[in-house]
file entry.tsv (TSV, C-alpha atoms and all ligand atoms)
chain	number	residue	atom	x	y	z
A	1	MET	CA	53.64	117.28	-22.52
A	2	THR	CA	53.39	120.64	-20.74
A	3	LEU	CA	54.01	120.22	-17.06
A	4	PRO	CA	51.98	122.32	-14.63
A	5	ALA	CA	55.34	123.23	-13.11
A	6	GLY	CA	54.62	126.94	-12.80
A	7	LEU	CA	53.13	126.05	-9.45
A	8	VAL	CA	56.43	124.90	-7.95
A	9	GLY	CA	56.89	126.43	-4.51
A	10	ALA	CA	53.14	126.89	-3.97
A	11	PRO	CA	51.51	125.67	-0.76
A	12	VAL	CA	49.65	122.39	-1.27
A	13	GLU	CA	46.30	124.02	-0.51
A	14	ASP	CA	46.73	126.21	-3.60
A	15	LEU	CA	46.80	123.25	-6.01
A	16	ASP	CA	43.79	122.64	-8.18
A	17	THR	CA	42.07	119.31	-7.60
A	18	PRO	CA	41.82	116.39	-7.86
A	19	ALA	CA	45.62	116.18	-7.64
A	20	LEU	CA	47.71	113.12	-6.82
A	21	LEU	CA	50.14	114.18	-4.11
A	22	LEU	CA	53.40	112.37	-3.52
A	23	ASP	CA	55.03	113.08	-0.17
A	24	LEU	CA	58.69	113.02	-1.23
A	25	ASP	CA	60.07	112.70	2.32
A	26	LEU	CA	57.92	109.63	2.99
A	27	MET	CA	58.68	108.03	-0.38
A	28	GLU	CA	62.43	108.55	0.11
A	29	GLN	CA	62.14	107.12	3.61
A	30	ASN	CA	60.25	104.05	2.31
A	31	ILE	CA	62.92	103.48	-0.36
A	32	ALA	CA	65.73	103.85	2.19
A	33	THR	CA	64.06	101.56	4.76
A	34	MET	CA	63.58	98.71	2.27
A	35	ALA	CA	67.08	99.19	0.82
A	36	ALA	CA	68.57	99.01	4.33
A	37	ALA	CA	66.67	95.81	5.09
A	38	PHE	CA	67.95	94.24	1.87
A	39	ARG	CA	71.56	95.08	2.70
A	40	GLN	CA	71.22	92.41	5.44
A	41	LEU	CA	69.90	89.73	3.05
A	42	SER	CA	71.48	87.63	0.35
A	43	ALA	CA	68.48	88.21	-1.94
A	44	LYS	CA	68.54	91.49	-3.86
A	45	LEU	CA	65.74	93.93	-4.51
A	46	ARG	CA	64.38	94.38	-8.05
A	47	PRO	CA	61.43	96.71	-7.35
A	48	HIS	CA	58.23	96.40	-9.32
A	49	ALA	CA	57.77	99.58	-11.35
A	50	LYS	CA	54.07	98.92	-11.99
A	51	THR	CA	53.55	100.57	-8.60
A	52	HIS	CA	54.88	103.97	-9.71
A	53	LYS	CA	55.25	103.81	-13.53
A	54	SER	CA	57.91	106.49	-13.32
A	55	PRO	CA	61.56	106.22	-14.44
A	56	ILE	CA	62.69	108.93	-12.01
A	57	ILE	CA	61.37	106.91	-9.06
A	58	ALA	CA	62.94	103.74	-10.51
A	59	HIS	CA	66.29	105.57	-10.67
A	60	LYS	CA	65.96	106.47	-6.98
A	61	GLN	CA	65.41	102.79	-6.16
A	62	LEU	CA	68.46	101.82	-8.23
A	63	ALA	CA	70.56	104.51	-6.53
A	64	ALA	CA	69.55	102.98	-3.18
A	65	GLY	CA	70.91	99.58	-4.24
A	66	ALA	CA	68.24	97.85	-6.34
A	67	ILE	CA	69.77	95.56	-8.99
A	68	GLY	CA	67.22	96.37	-11.70
A	69	ILE	CA	63.53	96.95	-12.21
A	70	THR	CA	60.52	94.68	-12.64
A	71	CYS	CA	57.66	95.54	-14.99
A	72	ALA	CA	54.25	93.98	-15.53
A	73	LYS	CA	53.86	95.06	-19.14
A	74	LEU	CA	56.05	95.43	-22.19
A	75	GLY	CA	54.80	99.01	-22.57
A	76	GLU	CA	56.02	99.79	-19.05
A	77	ALA	CA	59.39	98.24	-19.86
A	78	GLU	CA	59.69	100.40	-22.99
A	79	VAL	CA	59.11	103.52	-20.89
A	80	MET	CA	61.67	102.41	-18.30
A	81	VAL	CA	64.30	101.65	-20.95
A	82	GLU	CA	63.63	104.97	-22.66
A	83	GLY	CA	64.10	106.53	-19.22
A	84	GLY	CA	67.62	105.13	-19.03
A	85	ILE	CA	67.08	101.87	-17.15
A	86	ARG	CA	69.02	98.94	-18.48
A	87	ASP	CA	68.18	95.85	-16.43
A	88	VAL	CA	64.49	94.99	-16.66
A	89	LEU	CA	62.49	91.88	-15.75
A	90	ILE	CA	59.08	91.63	-17.40
A	91	ALA	CA	57.38	89.42	-14.84
A	92	ASN	CA	54.77	88.33	-17.31
A	93	GLN	CA	54.21	86.31	-20.47
A	94	ILE	CA	54.77	88.19	-23.73
A	95	VAL	CA	52.42	86.54	-26.17
A	96	GLY	CA	51.58	87.24	-29.82
A	97	ALA	CA	53.60	88.30	-32.85
A	98	HIS	CA	53.24	92.06	-32.36
A	99	LYS	CA	54.47	92.06	-28.79
A	100	ILE	CA	57.25	89.58	-29.44
A	101	ARG	CA	58.58	91.83	-32.22
A	102	ARG	CA	58.56	94.77	-29.79
A	103	LEU	CA	60.22	92.68	-27.10
A	104	VAL	CA	63.03	91.58	-29.38
A	105	SER	CA	63.50	95.14	-30.58
A	106	LEU	CA	63.70	96.37	-26.98
A	107	ALA	CA	66.23	93.65	-26.20
A	108	ARG	CA	68.72	95.44	-28.44
A	109	HIS	CA	68.74	98.35	-25.99
A	110	ALA	CA	68.44	96.68	-22.59
A	111	ASP	CA	69.21	93.56	-20.58
A	112	LEU	CA	65.81	91.95	-20.48
A	113	LEU	CA	64.43	89.02	-18.56
A	114	VAL	CA	61.00	87.66	-19.46
A	115	ALA	CA	58.73	85.06	-17.86
A	116	VAL	CA	57.30	82.08	-19.75
A	117	ASP	CA	54.97	79.22	-18.86
A	118	ASP	CA	54.20	77.73	-22.27
A	119	ALA	CA	56.26	75.70	-24.75
A	120	ARG	CA	54.74	77.30	-27.85
A	121	ASN	CA	55.47	80.75	-26.48
A	122	VAL	CA	59.08	79.61	-25.97
A	123	GLU	CA	59.29	78.60	-29.63
A	124	GLU	CA	57.85	81.92	-30.82
A	125	LEU	CA	60.26	83.89	-28.64
A	126	SER	CA	63.13	81.74	-29.85
A	127	GLN	CA	62.34	82.20	-33.54
A	128	ALA	CA	62.04	85.97	-33.16
A	129	ALA	CA	65.18	86.33	-31.03
A	130	ALA	CA	67.27	84.08	-33.30
A	131	ALA	CA	66.08	85.87	-36.46
A	132	ALA	CA	67.05	89.22	-34.93
A	133	HIS	CA	70.35	87.87	-33.58
A	134	VAL	CA	69.54	88.87	-30.02
A	135	SER	CA	69.76	86.78	-26.89
A	136	LEU	CA	66.82	86.81	-24.49
A	137	ARG	CA	67.08	85.66	-20.88
A	138	VAL	CA	64.04	83.69	-19.82
A	139	LEU	CA	62.58	82.72	-16.42
A	140	VAL	CA	60.18	79.80	-16.07
A	141	GLU	CA	57.19	80.98	-14.06
A	142	VAL	CA	56.13	78.43	-11.46
A	143	ASP	CA	52.70	78.49	-9.78
A	144	VAL	CA	53.48	78.56	-6.05
A	145	GLY	CA	49.82	78.66	-5.01
A	146	GLN	CA	48.49	81.92	-6.43
A	147	HIS	CA	46.88	79.91	-9.24
A	148	ARG	CA	47.34	82.66	-11.79
A	149	CYS	CA	50.06	82.00	-14.41
A	150	GLY	CA	52.88	79.47	-14.10
A	151	VAL	CA	53.65	75.82	-14.67
A	152	GLN	CA	53.48	73.37	-11.80
A	153	PRO	CA	56.65	72.88	-9.73
A	154	GLY	CA	58.89	69.85	-10.37
A	155	GLU	CA	58.70	67.95	-13.70
A	156	PRO	CA	56.70	70.54	-15.71
A	157	ALA	CA	59.13	73.31	-14.71
A	158	LEU	CA	62.12	71.14	-15.62
A	159	ALA	CA	60.62	70.22	-19.00
A	160	LEU	CA	60.09	73.89	-19.88
A	161	ALA	CA	63.57	74.84	-18.67
A	162	GLN	CA	65.08	72.15	-20.91
A	163	HIS	CA	62.97	73.36	-23.83
A	164	ILE	CA	64.31	76.91	-23.33
A	165	GLU	CA	67.88	75.67	-23.04
A	166	ARG	CA	67.59	73.96	-26.45
A	167	ALA	CA	65.95	77.00	-28.07
A	168	PRO	CA	68.21	79.21	-30.21
A	169	GLY	CA	68.27	82.86	-29.13
A	170	LEU	CA	67.10	82.08	-25.58
A	171	THR	CA	68.97	81.49	-22.34
A	172	PHE	CA	67.37	79.72	-19.38
A	173	ALA	CA	68.16	82.15	-16.54
A	174	GLY	CA	66.08	80.70	-13.73
A	175	LEU	CA	62.65	80.63	-12.10
A	176	MET	CA	60.00	83.03	-10.96
A	177	GLY	CA	57.31	82.17	-8.40
A	178	TYR	CA	55.12	85.02	-7.18
A	179	GLU	CA	53.30	84.26	-3.94
A	180	GLY	CA	50.64	86.91	-4.53
A	181	HIS	CA	48.06	84.87	-2.60
A	182	LEU	CA	50.06	85.51	0.60
A	183	VAL	CA	51.16	89.16	0.43
A	184	PHE	CA	48.04	90.41	2.26
A	185	VAL	CA	47.72	87.71	4.93
A	186	PRO	CA	47.12	90.10	7.87
A	187	SER	CA	48.85	88.11	10.64
A	188	LEU	CA	52.62	88.16	10.36
A	189	GLU	CA	52.93	84.79	12.05
A	190	GLU	CA	50.53	83.13	9.65
A	191	ARG	CA	52.15	84.85	6.65
A	192	VAL	CA	55.59	83.58	7.66
A	193	ARG	CA	54.28	80.05	8.15
A	194	ARG	CA	52.44	79.94	4.82
A	195	VAL	CA	55.30	81.53	2.83
A	196	HIS	CA	57.69	78.89	4.20
A	197	ALA	CA	55.23	76.13	3.33
A	198	ASP	CA	54.30	77.28	-0.19
A	199	MET	CA	57.73	78.49	-1.35
A	200	GLN	CA	59.31	75.15	-0.53
A	201	ALA	CA	57.96	73.80	-3.85
A	202	LEU	CA	59.89	76.53	-5.69
A	203	ILE	CA	63.09	75.87	-3.74
A	204	ASP	CA	62.74	72.13	-4.34
A	205	THR	CA	62.25	72.82	-8.05
A	206	VAL	CA	65.54	74.76	-8.15
A	207	ALA	CA	67.35	71.71	-6.72
A	208	PHE	CA	65.48	69.36	-9.05
A	209	ILE	CA	66.44	71.34	-12.18
A	210	GLU	CA	70.06	71.67	-11.06
A	211	ALA	CA	70.19	67.91	-10.38
A	212	HIS	CA	69.38	67.53	-14.08
A	213	GLY	CA	72.40	69.61	-15.03
A	214	LEU	CA	70.85	73.03	-15.63
A	215	PRO	CA	72.16	75.86	-13.42
A	216	VAL	CA	69.42	78.06	-11.94
A	217	GLN	CA	70.95	81.51	-11.61
A	218	ILE	CA	67.96	83.67	-10.77
A	219	VAL	CA	65.03	82.83	-8.50
A	220	SER	CA	62.65	85.77	-8.40
A	221	ALA	CA	59.62	86.11	-6.10
A	222	GLY	CA	58.02	88.30	-3.48
A	223	GLY	CA	55.77	91.29	-2.95
A	224	THR	CA	55.81	93.96	-0.27
A	225	GLY	CA	53.98	91.83	2.29
A	226	THR	CA	56.39	88.94	1.87
A	227	ALA	CA	59.65	90.65	0.80
A	228	LEU	CA	61.47	90.21	4.09
A	229	ILE	CA	60.17	86.67	4.57
A	230	THR	CA	60.74	85.27	1.09
A	231	GLY	CA	63.95	87.30	0.80
A	232	ARG	CA	65.43	85.23	3.66
A	233	LEU	CA	64.67	81.86	2.08
A	234	PRO	CA	67.52	79.81	0.62
A	235	ARG	CA	68.07	80.13	-3.14
A	236	ILE	CA	65.74	83.13	-3.55
A	237	SER	CA	67.95	85.63	-5.35
A	238	GLU	CA	65.60	88.52	-6.20
A	239	ILE	CA	62.50	90.12	-4.72
A	240	GLN	CA	59.95	91.97	-6.88
A	241	ALA	CA	58.27	94.11	-4.20
A	242	GLY	CA	56.61	97.22	-5.56
A	243	SER	CA	54.07	98.74	-3.17
A	244	TYR	CA	56.65	99.49	-0.47
A	245	VAL	CA	57.58	102.69	-2.29
A	246	PHE	CA	54.19	104.31	-1.51
A	247	MET	CA	52.54	101.95	0.98
A	248	ASP	CA	48.88	102.29	0.09
A	249	GLY	CA	45.86	101.97	2.37
A	250	ARG	CA	45.58	98.18	2.00
A	251	TYR	CA	49.16	97.65	3.11
A	252	GLN	CA	48.50	99.80	6.19
A	253	THR	CA	46.27	96.98	7.46
A	254	ILE	CA	48.98	94.29	7.28
A	255	GLU	CA	50.97	93.36	10.36
A	256	GLY	CA	54.76	93.62	10.22
A	257	VAL	CA	55.02	95.81	7.11
A	258	GLU	CA	56.93	99.03	7.72
A	259	GLY	CA	56.41	102.32	5.93
A	260	ALA	CA	54.10	105.32	5.74
A	261	CYS	CA	51.62	106.11	3.01
A	262	ALA	CA	53.32	108.56	0.62
A	263	LEU	CA	50.49	108.87	-1.89
A	264	THR	CA	47.29	110.84	-1.32
A	265	LEU	CA	44.65	112.45	-3.45
A	266	LEU	CA	43.95	116.12	-2.79
A	267	THR	CA	40.27	116.90	-3.25
A	268	THR	CA	37.93	119.85	-2.83
A	269	VAL	CA	34.60	119.93	-1.06
A	270	VAL	CA	32.10	120.93	-3.75
A	271	SER	CA	28.84	120.68	-1.82
A	272	ARG	CA	27.39	120.34	1.68
A	273	PRO	CA	23.82	119.33	0.89
A	274	ARG	CA	23.08	118.37	4.52
A	275	PRO	CA	24.80	119.14	7.84
A	276	ASP	CA	26.04	115.56	8.10
A	277	ARG	CA	27.17	115.12	4.49
A	278	ILE	CA	29.70	116.70	2.14
A	279	VAL	CA	30.50	115.87	-1.47
A	280	ILE	CA	34.07	116.04	-2.84
A	281	ASP	CA	35.35	116.29	-6.42
A	282	ALA	CA	36.94	112.83	-6.47
A	283	GLY	CA	35.15	109.77	-7.81
A	284	LEU	CA	35.93	106.54	-9.57
A	285	LYS	CA	37.66	108.40	-12.41
A	286	THR	CA	40.35	109.63	-10.01
A	287	ILE	CA	40.58	107.03	-7.24
A	288	THR	CA	39.91	103.29	-7.20
A	289	CYS	CA	38.13	101.17	-4.60
A	290	GLU	CA	38.59	97.48	-5.52
A	291	PHE	CA	40.52	97.09	-2.23
A	292	GLY	CA	37.90	99.06	-0.27
A	293	LEU	CA	36.91	102.72	-0.06
A	294	PRO	CA	39.68	105.27	0.52
A	295	ARG	CA	40.03	106.91	3.94
A	296	VAL	CA	40.16	110.63	4.64
A	297	LYS	CA	43.67	111.40	5.86
A	298	GLY	CA	43.88	112.57	9.48
A	299	ARG	CA	40.10	112.82	9.83
A	300	ASP	CA	38.55	110.04	11.88
A	301	ASP	CA	35.44	112.20	12.08
A	302	LEU	CA	34.87	111.84	8.32
A	303	GLU	CA	33.89	108.65	6.49
A	304	LEU	CA	33.87	108.32	2.73
A	305	VAL	CA	30.74	106.25	2.12
A	306	SER	CA	30.47	106.10	-1.68
A	307	LEU	CA	32.13	107.00	-4.94
A	308	SER	CA	30.38	107.67	-8.23
A	309	GLU	CA	32.15	108.74	-11.43
A	310	GLU	CA	33.18	112.23	-10.36
A	311	HIS	CA	31.81	112.55	-6.82
A	312	GLY	CA	32.72	111.18	-3.44
A	313	THR	CA	30.16	111.30	-0.64
A	314	VAL	CA	31.51	111.78	2.85
A	315	ARG	CA	29.54	111.38	6.09
A	316	LEU	CA	30.35	113.69	8.99
A	317	ARG	CA	30.17	111.94	12.33
A	318	ASP	CA	29.72	115.37	13.94
A	319	ALA	CA	27.29	117.54	11.99
A	320	THR	CA	28.52	120.71	13.71
A	321	VAL	CA	32.03	120.44	12.19
A	322	SER	CA	32.90	123.34	9.93
A	323	LEU	CA	33.50	122.19	6.35
A	324	ARG	CA	32.20	124.01	3.32
A	325	PRO	CA	32.62	124.15	-0.46
A	326	GLY	CA	36.19	125.12	-1.33
A	327	ASP	CA	37.78	123.37	1.65
A	328	LYS	CA	40.34	120.71	0.82
A	329	LEU	CA	40.77	117.15	2.08
A	330	GLU	CA	43.25	114.37	1.33
A	331	LEU	CA	42.21	110.79	0.61
A	332	ILE	CA	44.44	107.76	1.21
A	333	PRO	CA	43.95	105.38	-1.73
A	334	SER	CA	43.34	101.77	-0.73
A	335	HIS	CA	45.18	100.69	-3.91
A	336	GLY	CA	47.90	103.00	-5.17
A	337	ASP	CA	48.77	101.13	-8.41
A	338	THR	CA	45.36	101.42	-10.03
A	339	THR	CA	44.73	104.92	-8.68
A	340	LEU	CA	47.88	106.45	-10.11
A	341	ASN	CA	47.14	104.83	-13.48
A	342	LEU	CA	44.25	107.33	-13.68
A	343	HIS	CA	46.53	110.37	-13.33
A	344	GLU	CA	48.93	112.26	-15.56
A	345	TYR	CA	51.19	113.72	-12.87
A	346	TYR	CA	52.61	113.27	-9.43
A	347	TYR	CA	52.60	116.50	-7.50
A	348	GLY	CA	55.74	115.99	-5.43
A	349	VAL	CA	55.32	117.74	-2.09
A	350	ARG	CA	57.77	118.46	0.72
A	351	GLY	CA	57.09	120.42	3.89
A	352	GLY	CA	53.62	121.37	2.68
A	353	ARG	CA	54.84	122.93	-0.59
A	354	LEU	CA	55.00	121.71	-4.17
A	355	GLU	CA	58.60	120.77	-4.97
A	356	THR	CA	58.22	119.10	-8.35
A	357	VAL	CA	55.79	117.74	-10.92
A	358	TRP	CA	56.58	114.39	-12.53
A	359	PRO	CA	54.68	112.81	-15.40
A	360	ILE	CA	53.39	109.30	-14.67
A	361	ALA	CA	55.18	108.24	-17.80
A	362	ALA	CA	53.94	104.65	-18.06
A	363	ARG	CA	50.33	105.30	-17.08
A	364	GLY	CA	47.95	103.40	-19.31
A	365	LYS	CA	50.75	101.28	-20.82
A	366	SER	CA	48.74	98.09	-20.63
A	367	ARG	CA	50.01	96.63	-23.89
B	401	LIG	C1	54.27	89.23	-10.38
B	401	LIG	C2	54.26	90.27	-9.30
B	401	LIG	N1	55.38	90.50	-8.60
B	401	LIG	C3	55.43	91.42	-7.62
B	401	LIG	C4	54.32	92.19	-7.30
B	401	LIG	C5	54.50	93.26	-6.26
B	401	LIG	O1	53.72	93.13	-5.18
B	401	LIG	P1	53.50	94.33	-4.13
B	401	LIG	O2	52.79	95.41	-4.83
B	401	LIG	O3	52.70	93.66	-3.10
B	401	LIG	O4	54.82	94.75	-3.67
B	401	LIG	C6	53.12	91.96	-7.98
B	401	LIG	C7	51.91	92.70	-7.61
B	401	LIG	O5	50.81	92.47	-8.02
B	401	LIG	C8	53.08	90.99	-9.03
B	401	LIG	O6	51.97	90.75	-9.73

call {"tool": "encode", "arguments": {"input": "entry.tsv", "output": "C-alpha cells", "more": "lines below"}}
Ligand SMILES: Cc1ncc(COP(=O)(O)O)c(C=O)c1O
result
Amino acid sequence: MTLPAGLVGAPVEDLDTPALLLDLDLMEQNIATMAAAFRQLSAKLRPHAKTHKSPIIAHKQLAAGAIGITCAKLGEAEVMVEGGIRDVLIANQIVGAHKIRRLVSLARHADLLVAVDDARNVEELSQAAAAAHVSLRVLVEVDVGQHRCGVQPGEPALALAQHIERAPGLTFAGLMGYEGHLVFVPSLEERVRRVHADMQALIDTVAFIEAHGLPVQIVSAGGTGTALITGRLPRISEIQAGSYVFMDGRYQTIEGVEGACALTLLTTVVSRPRPDRIVIDAGLKTITCEFGLPRVKGRDDLELVSLSEEHGTVRLRDATVSLRPGDKLELIPSHGDTTLNLHEYYYGVRGGRLETVWPIAARGKSR
C-alpha cells in the first residue's frame, strides 16, 4: 500500500478531502487517562481494537499498561497478531469449519482467548485444536441483559464450562458478560445502579462455577460507558472498553465519561446553492449516522441536516456567514467504529499539521 505520506508536515487545511483526521495529542491523552484510572483498580484493561483497527494504536495502549487486546472478528485478530500483538481475546463466537481452521492456525502464533455459548461449537473447536495439537483458552459468554449472544447465568453457564473442561485441546479460562445495553445510559447514577443490578448475575455465576470445583480465572466485561463502574466490581478481572481511545460523538452525550473526541472528518464545501445552505463532500460513504447525524466541529451556527451517498447538506443558521466552495470544515462522527471502517488511512495531526499517516489495517475485516 502506498501511503500518502509525502504530505507529512503540511498544514491540515492543505489535505485533500474527505480525510479522517486523528488528533494525536487527544488520543494519547485519552489512552493515558484511562490507563491512569485502571492503575487504581484491580481489574485490568484489555482495550477493544474494533474501535481503531490499527496495531500501532493497540501497541500504544499496551505500552500504557493494557494486558492485551480484544477483537470482534477473527480477521481483526489476524491483523493484530501480524502487527506483533500476542495476547488477544476474540470476544465473539468463531463458528464454521473455515474460521475454526484459521483460529487454530492463529493460535500457533499468539495467546488467544475465544468466547463460546454453544456446546456444538465447543466440540468443533475441541476437535480442531486437538488435531492441530494446540491449546485454546475459552470463555463462556453469559447474557447479562444485552440479549445478544451468551448463555443464561447459573446452571447453563456451568454446564458449558464443564463441557469445555472435558474437551481435549480446550481450557476453560473463565466468563465474559458484556453489558452493552447499559454503556449509553445517559445518567451516571442510573448507569451505576443498573450495572450493579445486572452484573450481579455474572458475579454469582463465578461463585456458582467455582463451588462446583472449576476455577474461574478471567471475568471479562465492560465498555467505555461502564468501564470504571464494572471495573470496580468484585471478581471482574478484565475490561474490554474500546471507544475511550477516540471518544466519538455519541459518547460525548454520556454523563461521567471523560475524554475528548480525537477523530474528525475533514471535508470541503463543494457548493452553496442558497445563502442558508452549503453542501460538503462527505456522505454516507465516508461517515456513518446510525447513532445520529454528525456535528460540525466548533460551529454551533452550522447544522448538518442530511447525508446522501457522497454529499452532506448543512444549514446555516445565519445566512450572512461567509462560507464558499473550497472552504474546509470538520465533522465529529457520532459513531467512530463504523466511520473509520470506511477509510483507508488515519491522518495523524498534531498542532494543526500532519505528523503521520497510518493505514487502518483491519478495516473491512468482517470475516
Ligand atoms: C463485546 C464488546 N465488548 C466491548 C465493547 C466496547 O464498547 P465501547 O466501544 O463502548 O467501549 C463492545 C462494543 O460494541 C462489544 O461489543

call {"tool": "residues_near_ligand", "arguments": {"input": "entry.tsv", "ligand": "ligand LIG 401 (chain B)", "cutoff": "8 Å", "atoms": "all atoms listed in the file", "output": "list of chain:residue names"}}
result
A:Pro47, A:His48, A:Lys50, A:Thr51, A:Thr70, A:Ala72, A:Ala91, A:Asn92, A:Gly177, A:Tyr178, A:Gly180, A:Val183, A:Phe184, A:Ala221, A:Gly222, A:Gly223, A:Thr224, A:Gly225, A:Thr226, A:Ala227, A:Ile239, A:Gln240, A:Ala241, A:Gly242, A:Ser243, A:Tyr244, A:Asp337

call {"tool": "residues_around", "arguments": {"input": "entry.tsv", "residues": "Ile94 of chain A", "least_positions_apart": "2", "cutoff": "8 Å", "atoms": "only C-alpha atoms", "output": "list in words"}}
result
Leu74, Asn92, Gly96, Lys99, Ile100, Leu103, Val114, Ala115, Val116 and Asn121 of chain A

call {"tool": "atom_distance", "arguments": {"input": "entry.tsv", "atom1": "atom CA of Cys289 of chain A", "atom2": "atom CA of Arg277 of chain A"}}
result
19.9 Å

call {"tool": "closest_residue", "arguments": {"input": "entry.tsv", "among": "A:Ala319, A:Leu304, A:Ala77, A:Ala211", "to": "Glu155 of chain A", "atoms": "only C-alpha atoms"}}
result
A:Ala211

call {"tool": "closest_atom_pairs", "arguments": {"input": "entry.tsv", "of": "segment 232-317 of chain A", "to": "segment 10-17 of chain A", "cutoff": "12 Å", "atoms": "only C-alpha atoms", "output": "JSON lines"}}
result
{"residue": "A:Thr264", "atom": "CA", "partner": "A:Thr17", "partner_atom": "CA", "distance": 11.8}
{"residue": "A:Leu265", "atom": "CA", "partner": "A:Thr17", "partner_atom": "CA", "distance": 8.4}
{"residue": "A:Leu266", "atom": "CA", "partner": "A:Thr17", "partner_atom": "CA", "distance": 6.1}
{"residue": "A:Thr267", "atom": "CA", "partner": "A:Thr17", "partner_atom": "CA", "distance": 5.3}
{"residue": "A:Thr268", "atom": "CA", "partner": "A:Thr17", "partner_atom": "CA", "distance": 6.3}
{"residue": "A:Val269", "atom": "CA", "partner": "A:Thr17", "partner_atom": "CA", "distance": 9.9}
{"residue": "A:Val270", "atom": "CA", "partner": "A:Thr17", "partner_atom": "CA", "distance": 10.8}
{"residue": "A:Ile280", "atom": "CA", "partner": "A:Thr17", "partner_atom": "CA", "distance": 9.9}
{"residue": "A:Asp281", "atom": "CA", "partner": "A:Thr17", "partner_atom": "CA", "distance": 7.5}
{"residue": "A:Ala282", "atom": "CA", "partner": "A:Thr17", "partner_atom": "CA", "distance": 8.3}
{"residue": "A:Gly283", "atom": "CA", "partner": "A:Thr17", "partner_atom": "CA", "distance": 11.8}
{"residue": "A:Thr286", "atom": "CA", "partner": "A:Thr17", "partner_atom": "CA", "distance": 10.1}
{"residue": "A:Glu310", "atom": "CA", "partner": "A:Thr17", "partner_atom": "CA", "distance": 11.7}

call {"tool": "atom_distance", "arguments": {"input": "entry.tsv", "atom1": "atom CA of Ala131 of chain A", "atom2": "atom CA of Leu158 of chain A"}}
result
25.8 Å

call {"tool": "residues_around", "arguments": {"input": "entry.tsv", "residues": "Gly256 of chain A", "least_positions_apart": "4", "cutoff": "10 Å", "atoms": "only C-alpha atoms", "output": "MDAnalysis selection string"}}
result
chainID A and resid 186:189 191 225:226 228 251:252

call {"tool": "closest_residue", "arguments": {"input": "entry.tsv", "among": "A:Gln146, A:Gln29, A:Ser135, A:Thr356", "to": "Ser105 of chain A", "atoms": "all atoms listed in the file"}}
result
A:Ser135

call {"tool": "atom_distance", "arguments": {"input": "entry.tsv", "atom1": "atom CA of Asn30 of chain A", "atom2": "atom CA of Val245 of chain A"}}
result
5.5 Å

call {"tool": "residues_around", "arguments": {"input": "entry.tsv", "residues": "Val134 of chain A", "least_positions_apart": "6", "cutoff": "9 Å", "atoms": "all atoms listed in the file", "output": "ChimeraX atom specification"}}
result
/A:104-105,107-108,128,169-170

call {"tool": "residues_around", "arguments": {"input": "entry.tsv", "residues": "Ala362 of chain A", "least_positions_apart": "2", "cutoff": "10 Å", "atoms": "only C-alpha atoms", "output": "VMD selection string"}}
result
chain A and resid 49 to 50 52 to 55 73 75 to 80 341 344 359 to 360 364 to 366

call {"tool": "closest_residue", "arguments": {"input": "entry.tsv", "among": "A:Lys60, A:Arg317, A:Lys285, A:Arg46", "to": "Val88 of chain A", "atoms": "all atoms listed in the file"}}
result
A:Arg46

call {"tool": "closest_residue", "arguments": {"input": "entry.tsv", "among": "A:Leu202, A:Ala58, A:Glu123, A:Asp143", "to": "Glu28 of chain A", "atoms": "all atoms listed in the file"}}
result
A:Ala58

call {"tool": "residues_around", "arguments": {"input": "entry.tsv", "residues": "Leu263 of chain A", "least_positions_apart": "3", "cutoff": "8 Å", "atoms": "only C-alpha atoms", "output": "count of residues only"}}
result
10

call {"tool": "residues_near_point", "arguments": {"input": "entry.tsv", "point": "(54.6, 120.0, 2.6)", "cutoff": "9 Å", "atoms": "all atoms listed in the file", "output": "PyMOL selection string"}}
result
chain A and resi 11-12+23-24+349-355

call {"tool": "build_atoms", "arguments": {"input": "entry.tsv", "residues": "segment 333-344 of chain A", "atoms": "N, CA and C atoms", "output": "compact mmCIF listing (two decimals), keeping the file's coordinate frame"}}
result
# COMPACT_ATOMS: atom_id res chain seq x y z
N PRO A 333 44.48 106.43 -0.86
CA PRO A 333 43.95 105.38 -1.73
C PRO A 333 44.15 104.00 -1.09
N SER A 334 43.16 103.13 -1.24
CA SER A 334 43.34 101.77 -0.73
C SER A 334 44.28 101.00 -1.66
N HIS A 335 44.29 101.35 -2.95
CA HIS A 335 45.18 100.69 -3.91
C HIS A 335 45.87 101.76 -4.76
N GLY A 336 47.14 101.95 -4.48
CA GLY A 336 47.90 103.00 -5.17
C GLY A 336 48.08 102.71 -6.66
N ASP A 337 48.42 101.46 -7.01
CA ASP A 337 48.77 101.13 -8.41
C ASP A 337 47.68 101.52 -9.40
N THR A 338 46.44 101.15 -9.07
CA THR A 338 45.36 101.42 -10.03
C THR A 338 44.91 102.88 -9.94
N THR A 339 45.08 103.50 -8.80
CA THR A 339 44.73 104.92 -8.68
C THR A 339 45.66 105.79 -9.52
N LEU A 340 46.96 105.55 -9.40
CA LEU A 340 47.88 106.45 -10.11
C LEU A 340 47.80 106.24 -11.63
N ASN A 341 47.31 105.08 -12.04
CA ASN A 341 47.14 104.83 -13.48
C ASN A 341 46.07 105.75 -14.08
N LEU A 342 45.29 106.40 -13.22
CA LEU A 342 44.25 107.33 -13.68
C LEU A 342 44.77 108.76 -13.81
N HIS A 343 46.03 108.99 -13.43
CA HIS A 343 46.53 110.37 -13.33
C HIS A 343 47.69 110.62 -14.28
N GLU A 344 47.82 111.89 -14.68
CA GLU A 344 48.93 112.26 -15.56
C GLU A 344 50.20 112.62 -14.79
